[in-house]
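Dropping protein.cif in here (mmCIF, C-alpha atoms; chains and numbers go by the auth columns):
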```
data_run
#
loop_
_atom_site.group_PDB
_atom_site.id
_atom_site.type_symbol
_atom_site.label_atom_id
_atom_site.label_comp_id
_atom_site.label_asym_id
_atom_site.label_seq_id
_atom_site.Cartn_x
_atom_site.Cartn_y
_atom_site.Cartn_z
_atom_site.B_iso_or_equiv
_atom_site.auth_seq_id
_atom_site.auth_asym_id
ATOM 1 C CA MET A 1 -115.932 -146.775 101.249 0.00 1 A
ATOM 2 C CA ASP A 2 -119.483 -145.740 102.132 0.00 2 A
ATOM 3 C CA GLU A 3 -120.555 -142.086 102.061 0.00 3 A
ATOM 4 C CA GLU A 4 -120.698 -141.648 105.845 0.00 4 A
ATOM 5 C CA THR A 5 -117.139 -142.903 106.242 0.00 5 A
ATOM 6 C CA TRP A 6 -115.928 -140.730 103.376 0.00 6 A
ATOM 7 C CA LEU A 7 -117.609 -137.595 104.800 0.00 7 A
ATOM 8 C CA ALA A 8 -116.149 -138.299 108.256 0.00 8 A
ATOM 9 C CA ALA A 9 -112.678 -138.461 106.691 0.00 9 A
ATOM 10 C CA GLN A 10 -112.973 -134.965 105.173 0.00 10 A
ATOM 11 C CA ARG A 11 -111.836 -131.743 106.798 0.00 11 A
ATOM 12 C CA PRO A 12 -114.498 -130.777 109.392 0.00 12 A
ATOM 13 C CA SER A 13 -116.994 -128.258 108.083 0.00 13 A
ATOM 14 C CA ARG A 14 -120.741 -127.642 108.254 0.00 14 A
ATOM 15 C CA ILE A 15 -120.631 -128.050 104.454 0.00 15 A
ATOM 16 C CA ARG A 16 -120.400 -131.805 105.098 0.00 16 A
ATOM 17 C CA GLU A 17 -124.049 -131.696 106.232 0.00 17 A
ATOM 18 C CA VAL A 18 -125.012 -130.328 102.823 0.00 18 A
ATOM 19 C CA GLN A 19 -122.872 -132.908 101.072 0.00 19 A
ATOM 20 C CA ALA A 20 -124.774 -135.529 103.066 0.00 20 A
ATOM 21 C CA GLY A 21 -128.082 -134.269 101.677 0.00 21 A
ATOM 22 C CA ARG A 22 -129.286 -131.263 103.710 0.00 22 A
ATOM 23 C CA LEU A 23 -130.286 -128.230 101.653 0.00 23 A
ATOM 24 C CA ALA A 24 -128.552 -125.826 104.062 0.00 24 A
ATOM 25 C CA TRP A 25 -126.777 -126.114 107.399 0.00 25 A
ATOM 26 C CA THR A 26 -128.552 -123.067 108.892 0.00 26 A
ATOM 27 C CA ALA A 27 -130.798 -120.152 107.960 0.00 27 A
ATOM 28 C CA VAL A 28 -130.390 -116.385 108.111 0.00 28 A
ATOM 29 C CA ASP A 29 -132.992 -113.643 107.994 0.00 29 A
ATOM 30 C CA LEU A 30 -131.147 -110.878 106.130 0.00 30 A
ATOM 31 C CA LEU A 31 -132.787 -107.495 106.641 0.00 31 A
ATOM 32 C CA ASP A 32 -131.522 -105.104 103.979 0.00 32 A
ATOM 33 C CA VAL A 33 -132.287 -101.683 105.450 0.00 33 A
ATOM 34 C CA GLU A 34 -131.391 -99.550 102.438 0.00 34 A
ATOM 35 C CA SER A 35 -127.753 -100.643 102.542 0.00 35 A
ATOM 36 C CA ASP A 36 -125.319 -101.384 99.743 0.00 36 A
ATOM 37 C CA HIS A 37 -124.359 -104.737 101.259 0.00 37 A
ATOM 38 C CA GLY A 38 -127.586 -106.749 101.393 0.00 38 A
ATOM 39 C CA ARG A 39 -127.489 -108.437 97.992 0.00 39 A
ATOM 40 C CA PRO A 40 -123.744 -109.214 97.991 0.00 40 A
ATOM 41 C CA LEU A 41 -124.155 -110.665 101.506 0.00 41 A
ATOM 42 C CA ARG A 42 -127.007 -112.840 100.286 0.00 42 A
ATOM 43 C CA ASP A 43 -124.982 -114.227 97.394 0.00 43 A
ATOM 44 C CA ALA A 44 -121.919 -114.890 99.528 0.00 44 A
ATOM 45 C CA LEU A 45 -123.837 -116.529 102.391 0.00 45 A
ATOM 46 C CA GLU A 46 -125.582 -118.839 99.965 0.00 46 A
ATOM 47 C CA SER A 47 -122.140 -120.007 98.804 0.00 47 A
ATOM 48 C CA PHE A 48 -121.569 -121.089 102.443 0.00 48 A
ATOM 49 C CA ARG A 49 -124.711 -123.224 101.993 0.00 49 A
ATOM 50 C CA VAL A 50 -126.777 -120.984 104.264 0.00 50 A
ATOM 51 C CA GLN A 51 -130.477 -120.562 103.489 0.00 51 A
ATOM 52 C CA VAL A 52 -130.981 -116.801 103.224 0.00 52 A
ATOM 53 C CA ASN A 53 -134.389 -115.224 103.706 0.00 53 A
ATOM 54 C CA TYR A 54 -133.752 -111.865 102.016 0.00 54 A
ATOM 55 C CA LEU A 55 -136.033 -109.179 103.465 0.00 55 A
ATOM 56 C CA PRO A 56 -135.768 -105.706 101.891 0.00 56 A
ATOM 57 C CA ILE A 57 -136.773 -103.118 104.495 0.00 57 A
ATOM 58 C CA GLY A 58 -138.129 -99.893 103.039 0.00 58 A
ATOM 59 C CA GLN A 59 -140.262 -98.731 105.948 0.00 59 A
ATOM 60 C CA PRO A 60 -140.155 -99.087 109.728 0.00 60 A
ATOM 61 C CA ARG A 61 -143.273 -101.275 109.593 0.00 61 A
ATOM 62 C CA HIS A 62 -141.303 -103.743 107.396 0.00 62 A
ATOM 63 C CA PHE A 63 -138.631 -103.845 110.122 0.00 63 A
ATOM 64 C CA VAL A 64 -141.334 -104.639 112.687 0.00 64 A
ATOM 65 C CA ALA A 65 -143.024 -107.232 110.459 0.00 65 A
ATOM 66 C CA ALA A 66 -139.689 -109.037 110.021 0.00 66 A
ATOM 67 C CA LEU A 67 -138.783 -109.092 113.717 0.00 67 A
ATOM 68 C CA ASP A 68 -141.962 -108.908 115.818 0.00 68 A
ATOM 69 C CA GLY A 69 -142.216 -112.654 116.343 0.00 69 A
ATOM 70 C CA THR A 70 -145.388 -113.171 114.289 0.00 70 A
ATOM 71 C CA ARG A 71 -143.360 -115.128 111.695 0.00 71 A
ATOM 72 C CA PRO A 72 -140.719 -117.757 112.474 0.00 72 A
ATOM 73 C CA VAL A 73 -137.356 -116.059 112.931 0.00 73 A
ATOM 74 C CA ALA A 74 -134.188 -117.742 111.643 0.00 74 A
ATOM 75 C CA PRO A 75 -131.384 -118.866 113.996 0.00 75 A
ATOM 76 C CA TYR A 76 -129.310 -115.936 112.676 0.00 76 A
ATOM 77 C CA VAL A 77 -130.533 -112.431 111.864 0.00 77 A
ATOM 78 C CA ILE A 78 -128.327 -109.994 109.962 0.00 78 A
ATOM 79 C CA VAL A 79 -129.373 -106.349 109.883 0.00 79 A
ATOM 80 C CA SER A 80 -127.473 -104.745 107.023 0.00 80 A
ATOM 81 C CA CYS A 81 -127.910 -101.041 107.580 0.00 81 A
ATOM 82 C CA HIS A 82 -126.424 -97.661 108.270 0.00 82 A
ATOM 83 C CA GLY A 83 -126.222 -96.671 111.908 0.00 83 A
ATOM 84 C CA ASP A 84 -125.405 -93.729 114.110 0.00 84 A
ATOM 85 C CA GLU A 85 -125.276 -93.183 117.860 0.00 85 A
ATOM 86 C CA GLY A 86 -126.689 -96.588 118.748 0.00 86 A
ATOM 87 C CA GLN A 87 -129.555 -96.486 116.257 0.00 87 A
ATOM 88 C CA VAL A 88 -130.393 -98.385 113.065 0.00 88 A
ATOM 89 C CA LEU A 89 -131.098 -95.627 110.543 0.00 89 A
ATOM 90 C CA MET A 90 -134.192 -95.739 108.345 0.00 90 A
ATOM 91 C CA ASP A 91 -134.814 -93.787 105.165 0.00 91 A
ATOM 92 C CA ASP A 92 -136.922 -90.656 105.244 0.00 92 A
ATOM 93 C CA LEU A 93 -140.449 -91.315 104.044 0.00 93 A
ATOM 94 C CA ALA A 94 -143.049 -89.126 102.419 0.00 94 A
ATOM 95 C CA PRO A 95 -145.322 -87.608 105.074 0.00 95 A
ATOM 96 C CA GLU A 96 -148.242 -89.711 103.823 0.00 96 A
ATOM 97 C CA LEU A 97 -146.284 -92.933 104.563 0.00 97 A
ATOM 98 C CA ALA A 98 -144.547 -91.670 107.685 0.00 98 A
ATOM 99 C CA ALA A 99 -147.894 -90.976 109.344 0.00 99 A
ATOM 100 C CA HIS A 100 -148.714 -94.702 109.423 0.00 100 A
ATOM 101 C CA GLN A 101 -145.433 -96.098 110.762 0.00 101 A
ATOM 102 C CA PRO A 102 -144.846 -97.515 114.260 0.00 102 A
ATOM 103 C CA PHE A 103 -141.832 -95.156 114.444 0.00 103 A
ATOM 104 C CA ASN A 104 -139.804 -93.052 112.018 0.00 104 A
ATOM 105 C CA ASP A 105 -136.187 -92.195 111.173 0.00 105 A
ATOM 106 C CA SER A 106 -134.389 -94.832 113.275 0.00 106 A
ATOM 107 C CA ALA A 107 -134.757 -97.896 115.470 0.00 107 A
ATOM 108 C CA GLY A 108 -133.028 -97.441 118.798 0.00 108 A
ATOM 109 C CA PRO A 109 -133.360 -99.258 122.117 0.00 109 A
ATOM 110 C CA GLU A 110 -136.908 -98.053 122.778 0.00 110 A
ATOM 111 C CA GLU A 111 -138.180 -99.145 119.350 0.00 111 A
ATOM 112 C CA VAL A 112 -136.454 -102.522 119.620 0.00 112 A
ATOM 113 C CA ARG A 113 -137.940 -103.181 123.060 0.00 113 A
ATOM 114 C CA SER A 114 -141.403 -102.171 121.851 0.00 114 A
ATOM 115 C CA HIS A 115 -141.504 -104.118 118.587 0.00 115 A
ATOM 116 C CA VAL A 116 -138.865 -106.873 118.346 0.00 116 A
ATOM 117 C CA ARG A 117 -139.138 -110.510 119.515 0.00 117 A
ATOM 118 C CA LEU A 118 -136.180 -112.766 118.686 0.00 118 A
ATOM 119 C CA PRO A 119 -136.370 -115.983 120.700 0.00 119 A
ATOM 120 C CA GLY A 120 -132.869 -117.422 120.657 0.00 120 A
ATOM 121 C CA SER A 121 -131.530 -115.818 117.470 0.00 121 A
ATOM 122 C CA VAL A 122 -127.997 -114.511 117.032 0.00 122 A
ATOM 123 C CA VAL A 123 -128.237 -110.929 115.744 0.00 123 A
ATOM 124 C CA ILE A 124 -125.432 -109.455 113.643 0.00 124 A
ATOM 125 C CA VAL A 125 -125.632 -105.765 112.709 0.00 125 A
ATOM 126 C CA ASN A 126 -123.117 -104.054 110.432 0.00 126 A
ATOM 127 C CA GLY A 127 -124.124 -100.381 110.768 0.00 127 A
ATOM 128 C CA CYS A 128 -121.797 -97.837 112.356 0.00 128 A
ATOM 129 C CA ASP A 129 -122.195 -97.382 116.124 0.00 129 A
ATOM 130 C CA THR A 130 -124.786 -100.174 116.411 0.00 130 A
ATOM 131 C CA GLY A 131 -122.594 -101.921 118.980 0.00 131 A
ATOM 132 C CA ASN A 132 -123.785 -99.373 121.527 0.00 132 A
ATOM 133 C CA PRO A 133 -124.464 -101.240 124.815 0.00 133 A
ATOM 134 C CA ALA A 134 -127.986 -99.795 125.130 0.00 134 A
ATOM 135 C CA LEU A 135 -128.967 -101.132 121.687 0.00 135 A
ATOM 136 C CA ALA A 136 -127.297 -104.470 122.415 0.00 136 A
ATOM 137 C CA ASP A 137 -129.215 -104.750 125.702 0.00 137 A
ATOM 138 C CA ALA A 138 -132.484 -103.986 123.901 0.00 138 A
ATOM 139 C CA PHE A 139 -131.930 -106.822 121.407 0.00 139 A
ATOM 140 C CA LEU A 140 -130.960 -109.177 124.235 0.00 140 A
ATOM 141 C CA ASP A 141 -134.069 -108.113 126.160 0.00 141 A
ATOM 142 C CA ALA A 142 -136.059 -108.958 122.998 0.00 142 A
ATOM 143 C CA GLY A 143 -134.813 -112.545 123.270 0.00 143 A
ATOM 144 C CA ALA A 144 -131.652 -112.586 121.167 0.00 144 A
ATOM 145 C CA ARG A 145 -129.145 -115.223 122.300 0.00 145 A
ATOM 146 C CA ALA A 146 -126.257 -112.965 121.227 0.00 146 A
ATOM 147 C CA TYR A 147 -125.746 -109.568 119.615 0.00 147 A
ATOM 148 C CA ILE A 148 -122.707 -108.694 117.469 0.00 148 A
ATOM 149 C CA ALA A 149 -122.118 -105.185 116.108 0.00 149 A
ATOM 150 C CA PRO A 150 -119.385 -102.532 115.773 0.00 150 A
ATOM 151 C CA HIS A 151 -118.888 -100.061 118.608 0.00 151 A
ATOM 152 C CA GLY A 152 -117.418 -97.468 116.236 0.00 152 A
ATOM 153 C CA ALA A 153 -117.535 -96.469 112.591 0.00 153 A
ATOM 154 C CA PRO A 154 -115.569 -99.021 110.540 0.00 154 A
ATOM 155 C CA PHE A 155 -114.822 -98.213 106.919 0.00 155 A
ATOM 156 C CA GLY A 156 -117.583 -99.158 104.491 0.00 156 A
ATOM 157 C CA TYR A 157 -116.479 -102.487 103.119 0.00 157 A
ATOM 158 C CA ALA A 158 -115.672 -103.781 106.613 0.00 158 A
ATOM 159 C CA GLY A 159 -119.444 -103.891 107.100 0.00 159 A
ATOM 160 C CA LEU A 160 -119.674 -106.373 104.246 0.00 160 A
ATOM 161 C CA PHE A 161 -116.664 -108.433 105.261 0.00 161 A
ATOM 162 C CA ALA A 162 -117.439 -108.841 108.988 0.00 162 A
ATOM 163 C CA PRO A 163 -120.585 -111.013 108.596 0.00 163 A
ATOM 164 C CA LEU A 164 -118.848 -113.062 105.891 0.00 164 A
ATOM 165 C CA PHE A 165 -115.815 -113.620 108.117 0.00 165 A
ATOM 166 C CA LEU A 166 -118.112 -114.731 110.946 0.00 166 A
ATOM 167 C CA PHE A 167 -119.974 -117.175 108.722 0.00 167 A
ATOM 168 C CA TYR A 168 -116.728 -118.577 107.368 0.00 168 A
ATOM 169 C CA GLU A 169 -115.725 -119.322 110.961 0.00 169 A
ATOM 170 C CA LEU A 170 -119.154 -120.737 111.867 0.00 170 A
ATOM 171 C CA THR A 171 -119.148 -122.916 108.744 0.00 171 A
ATOM 172 C CA GLU A 172 -115.798 -124.266 109.915 0.00 172 A
ATOM 173 C CA GLN A 173 -117.562 -125.400 113.116 0.00 173 A
ATOM 174 C CA ARG A 174 -116.041 -122.829 115.420 0.00 174 A
ATOM 175 C CA PRO A 175 -118.184 -121.775 118.396 0.00 175 A
ATOM 176 C CA LEU A 176 -119.664 -118.277 118.188 0.00 176 A
ATOM 177 C CA GLU A 177 -117.333 -116.886 120.865 0.00 177 A
ATOM 178 C CA GLU A 178 -114.251 -118.171 119.032 0.00 178 A
ATOM 179 C CA ALA A 179 -115.560 -116.931 115.670 0.00 179 A
ATOM 180 C CA VAL A 180 -115.998 -113.411 117.084 0.00 180 A
ATOM 181 C CA ALA A 181 -112.556 -113.509 118.724 0.00 181 A
ATOM 182 C CA ARG A 182 -110.963 -114.468 115.411 0.00 182 A
ATOM 183 C CA LEU A 183 -112.868 -111.678 113.643 0.00 183 A
ATOM 184 C CA ARG A 184 -111.729 -109.098 116.190 0.00 184 A
ATOM 185 C CA ALA A 185 -108.113 -110.251 115.966 0.00 185 A
ATOM 186 C CA HIS A 186 -108.006 -109.733 112.183 0.00 186 A
ATOM 187 C CA ASP A 187 -107.335 -105.961 112.275 0.00 187 A
ATOM 188 C CA ASP A 188 -108.390 -102.748 114.001 0.00 188 A
ATOM 189 C CA GLU A 189 -111.450 -102.208 111.797 0.00 189 A
ATOM 190 C CA LEU A 190 -112.881 -105.666 112.456 0.00 190 A
ATOM 191 C CA GLY A 191 -111.793 -105.327 116.076 0.00 191 A
ATOM 192 C CA MET A 192 -114.706 -102.894 116.500 0.00 192 A
ATOM 193 C CA TRP A 193 -117.234 -105.744 116.373 0.00 193 A
ATOM 194 C CA GLU A 194 -118.176 -106.875 119.864 0.00 194 A
ATOM 195 C CA LEU A 195 -120.121 -109.849 121.146 0.00 195 A
ATOM 196 C CA HIS A 196 -122.834 -109.114 123.701 0.00 196 A
ATOM 197 C CA GLN A 197 -124.407 -111.999 125.621 0.00 197 A
ATOM 198 C CA ARG A 198 -125.988 -112.690 128.984 0.00 198 A
#
```

Now that the file is in, can you turn its structure into structure tokens?
Amino acid sequence: MDEETWLAAQRPSRIREVQAGRLAWTAVDLLDVESDHGRPLRDALESFRVQVNYLPIGQPRHFVAALDGTRPVAPYVIVSCHGDEGQVLMDDLAPELAAHQPFNDSAGPEEVRSHVRLPGSVVIVNGCDTGNPALADAFLDAGARAYIAPHGAPFGYAGLFAPLFLFYELTEQRPLEEAVARLRAHDDELGMWELHQR
């Protein structure tokens, strides 16, 4: 049996593309905005044969540099962060550093509209209250194809599990809408993640 026939006989999965010789079936820009989940997410996503561009974000200008469209943006962008009231929270900076930032403290709808360009990417955010419709609209206005984030404050490790659950479903060739529906059906905590599209 030749390889193509053998691969076609296996259970459907995007992993088959890697088995057939691709280095990864997709790529993710993983922005680790001072969260506890960035590195574990990177390791786990790589086990799904996803190319992960790990981008530690220590200052608002790093956030802008990662998402302003001056560098190629991956098909998927994960913002691993803390959030509150529809804002991605940033760490406090020394006054000497804060004076030179495009914004400080948090990235909300205004900051996203001013600085982010995401042509066609799917954006997944795991910070509390980042599923706020105003923030979702700002990312969609910035060119995102879809925006997925929790509308409430899920317990801590749900923020790690939700992106992994989604990528399990995507690796199994489920469409994005079905993957999000399956995530939301898992339990009440994961039910907080909502899909925003236009």

Check what the PyMOL selection byres ((chain A and resi 75) around 9) selects in the file above and give those residues as a compact mmCIF listing (two decimals) with C-alpha atoms, keeping the file's coordinate frame.
```txt
# COMPACT_ATOMS: atom_id res chain seq x y z
CA THR A 26 -128.55 -123.07 108.89
CA ALA A 27 -130.80 -120.15 107.96
CA VAL A 28 -130.39 -116.38 108.11
CA ASP A 29 -132.99 -113.64 107.99
CA VAL A 73 -137.36 -116.06 112.93
CA ALA A 74 -134.19 -117.74 111.64
CA TYR A 76 -129.31 -115.94 112.68
CA VAL A 77 -130.53 -112.43 111.86
CA PRO A 119 -136.37 -115.98 120.70
CA GLY A 120 -132.87 -117.42 120.66
CA SER A 121 -131.53 -115.82 117.47
CA VAL A 122 -128.00 -114.51 117.03
CA VAL A 123 -128.24 -110.93 115.74
```

Problem set entry | Interatomic distance, CA of Phe103 in chain A to CA of Arg198 in chain A (Å, one decimal) | 27.7 Å

Exercise. Which residue out of A:Ala136, A:Ala142, A:Leu170, A:Ile124 has the minimum interatomic distance to Arg49 in chain A when only C-alpha atoms are used?
Worked result: A:Leu170

For this session: Identify all residues satisfying the PyMOL selection byres ((chain A and resi 57) around 8) in the given file; provide them as a list in words.
Result: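 Checking the PyMOL selection byres ((chain A and resi 57) around 8) against this file, the residues are Leu31, Asp32, Val33, Glu34, Leu55, Pro56, Gly58, Gln59, Pro60, His62 and Phe63 of chain A.
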
Problem set entry | the PyMOL selection byres ((chain A and resi 40) around 12) applied to the shown file, residues as JSON, numbers by chain | {"A": [30, 32, 35, 36, 37, 38, 39, 41, 42, 43, 44, 45, 46, 47, 52, 54, 80, 157, 159, 160, 161, 163, 164]}

What does the file look like for those residues with C-alpha atoms, as a PDB file, keeping the file's coordinate frame?
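out-v7.pdb, written as the output of this step:
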```pdb
ATOM      1  CA  LEU A  30    -131.147-110.878 106.130  1.00  0.00           C
ATOM      2  CA  ASP A  32    -131.522-105.104 103.979  1.00  0.00           C
ATOM      3  CA  SER A  35    -127.753-100.643 102.542  1.00  0.00           C
ATOM      4  CA  ASP A  36    -125.319-101.384  99.743  1.00  0.00           C
ATOM      5  CA  HIS A  37    -124.359-104.737 101.259  1.00  0.00           C
ATOM      6  CA  GLY A  38    -127.586-106.749 101.393  1.00  0.00           C
ATOM      7  CA  ARG A  39    -127.489-108.437  97.992  1.00  0.00           C
ATOM      8  CA  LEU A  41    -124.155-110.665 101.506  1.00  0.00           C
ATOM      9  CA  ARG A  42    -127.007-112.840 100.286  1.00  0.00           C
ATOM     10  CA  ASP A  43    -124.982-114.227  97.394  1.00  0.00           C
ATOM     11  CA  ALA A  44    -121.919-114.890  99.528  1.00  0.00           C
ATOM     12  CA  LEU A  45    -123.837-116.529 102.391  1.00  0.00           C
ATOM     13  CA  GLU A  46    -125.582-118.839  99.965  1.00  0.00           C
ATOM     14  CA  SER A  47    -122.140-120.007  98.804  1.00  0.00           C
ATOM     15  CA  VAL A  52    -130.981-116.801 103.224  1.00  0.00           C
ATOM     16  CA  TYR A  54    -133.752-111.865 102.016  1.00  0.00           C
ATOM     17  CA  SER A  80    -127.473-104.745 107.023  1.00  0.00           C
ATOM     18  CA  TYR A 157    -116.479-102.487 103.119  1.00  0.00           C
ATOM     19  CA  GLY A 159    -119.444-103.891 107.100  1.00  0.00           C
ATOM     20  CA  LEU A 160    -119.674-106.373 104.246  1.00  0.00           C
ATOM     21  CA  PHE A 161    -116.664-108.433 105.261  1.00  0.00           C
ATOM     22  CA  PRO A 163    -120.585-111.013 108.596  1.00  0.00           C
ATOM     23  CA  LEU A 164    -118.848-113.062 105.891  1.00  0.00           C
TER      24      LEU A 164
END
```

Exercise. Residues at most 9 Å from Asp137 in chain A, counting all atoms listed in the file, excluding those fewer than 2 positions away in the same chain, as a ChimeraX atom specification?
Worked result: /A:109,132-135,139-142,147,196-197
